[in-house]
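Asks: There's a structure below that I have some questions on.
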Amino acid sequence: MNTASRKNALDEAVLNVIIKECLPLSIVESEALKELIQLLDPSYILPCRKTVKEKLDKNHAEEVEQVKMEVQQAVAVSITADMWTSCNMEAYMALTCHYITDNMQLCTSVLGVKHFPQSHTADNLAQFQRGIMDDWAITNKVRCLVTDAAPNMIAATRTLQIRHSVCIAHKLNLLVKKSCDQIPELSSIRHKSRQIVTFFRSSTTAKEKLAQVQQQMGRPALKLINEVPTRWNSTYQMLSRLHEEKEPVWVSLASLQTDLTPLTADEFNTLKEALLVLAPFHQATVELSEERRVSGSKVIPMMKMLYCALERNSSHLHTQAAIHLQDQLRRRVTDAASQLETLSVLTLSTLLDPRFKTLGFRSSSKCSEAINRLKSECAAVIARTTSEPQPGPSSEQSPSSERSVRGRGKRDLSHGPNPKSPRVSTPQSVPSQEREEGREEGREEERKEEREEERSKKQSWNV
């Protein structure tokens, strides 16, 4: 490797570190990094910040073109869209494309995360999303747009005239949140838990005391997890970690001067049973949040499994709050499952998945409707396939083989199929105009053969 190519390779390696580690471009101006590079390779000089930026822009453009070619080669794609808010309270719209390559690999590509300063109306959202899809030339390939259940998002999808599907993980998160909010005792436990977790995460003295107590008890030094309203499963994770570390938390609070009231033994019993009820929803959300696996066919069976889990755990519940939570969740899961079992995009994928087929449905009537819908779609596909004209004989055939084919075609069309000879085409698969042309060509060919036969006989008589 010559000096220039080695210099370029090292520059690309530095740029790769900056990209993967999300480092600022100014890192190349760091004196500490320059000293490290000088020690490793005195002949190598770090590129300046301007050069790094130019290389970054060039690599980004090349990567965009490569991804655009992959996306455009896909037969169909699905889009997920969501709104994000930065720390500076600036709104951003993110669009992600999901597709399957020719090698049957499931791929995910971020089409863009762009600033969205406009009002969040359905028309503005639809215009913004259409612009990104046009930039990537996939407008006619989008088969489904997945968003949250916000009315403006649903209305925007309706404006785009694209099939819409609600994010099931988001739907489960709202389902659990609404059920928990209906139980005052559980709301009180959540409020006290947030206060305790906030105290230990904001006070260095409390944090060090908790770690010290955990070490004395021979337990791993685990931090408490706070609840974040916009983060799925954060409530479950906060309550689960607090219940897991209840002894160190009790001891730490007792030795610290604080006005916080720890959870009582009865509240911890209620918390334990509530976690038993919420555990299947946590697992379902994690399963549906994966990117590298198709989750459409899992939704309906998973809703049935959640219902069965609620029924199975009901015998282990003794506190009123947990029983009330279980009733609330069971009612909401039943309503959600009934609604989801009417969506074609989910029912058909469940039926076609060999793992589930009809086993995933709770309602037998909805299952029968889905089977009939699948049969109708299969019949429509078969009808479209059989109605397309079949290719005729090759134009490169020799005259003798062409006459043979035409003669067989005439005999088959006039006297029915001959089981002893191969069939070129059937009347059902050839349009009427092409059949008539085939008959005329066959008759004309027979007339020519008869005239040639008579001419040869006359010549023999003359001789």
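Going through the structure tokens in order, the chains are called A, B, and so on, while each chain numbers its residues from 1 and the ligands are numbered from 1 in the order shown.
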Quick check for you: according to DSSP on this backbone, which residues of stretch 117-241 of chain A are classed as alpha helix (DSSP H)? Reply as a PyMOL selection string.
Replies: chain A and resi 122-135+151-160+168-181+184-202+204-216+234-241
Asks: Can you list, as a PyMOL selection string, every protein, DNA or RNA residue that comes within 8 Å of A:Ile138 when you count only C-alpha atoms, leaving out same-chain residues fewer than 6 positions away?
Replies: chain A and resi 71-72+77
Asks: Between atom CA of A:Leu25 and atom CA of A:Ile45, what is the spacing in Å?
Replies: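 Computed distance, atom CA of A:Ile45 to atom CA of A:Leu25, equals 15.6 Å.
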Asks: Mind pulling up the distance from atom CA of A:Ala61 to atom CA of A:Cys48?
Replies: 20.3 Å
Asks: Rank A:Asn173, A:Asn124, A:Ser364, A:Ser179 by their smallest atom-to-atom distance to A:Arg231, using only C-alpha atoms, and report the top residue only.
Replies: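 The shortest atom-to-atom distance to A:Arg231 comes from A:Asn173.
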Asks: Determine, counting only C-alpha atoms, which protein, DNA and RNA residues have an atom within 9 Å of an atom of stretch 204-208 of chain A; residues of the same chain fewer than 2 positions away are not included. Present the result as a list in words.
Replies: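 Non-adjacent residues within range: Phe199, Phe200, Arg201, Ser202, Leu210, Ala211, Gln212, Val213, Lys223, Ser252, Leu253 and Leu256 of chain A.
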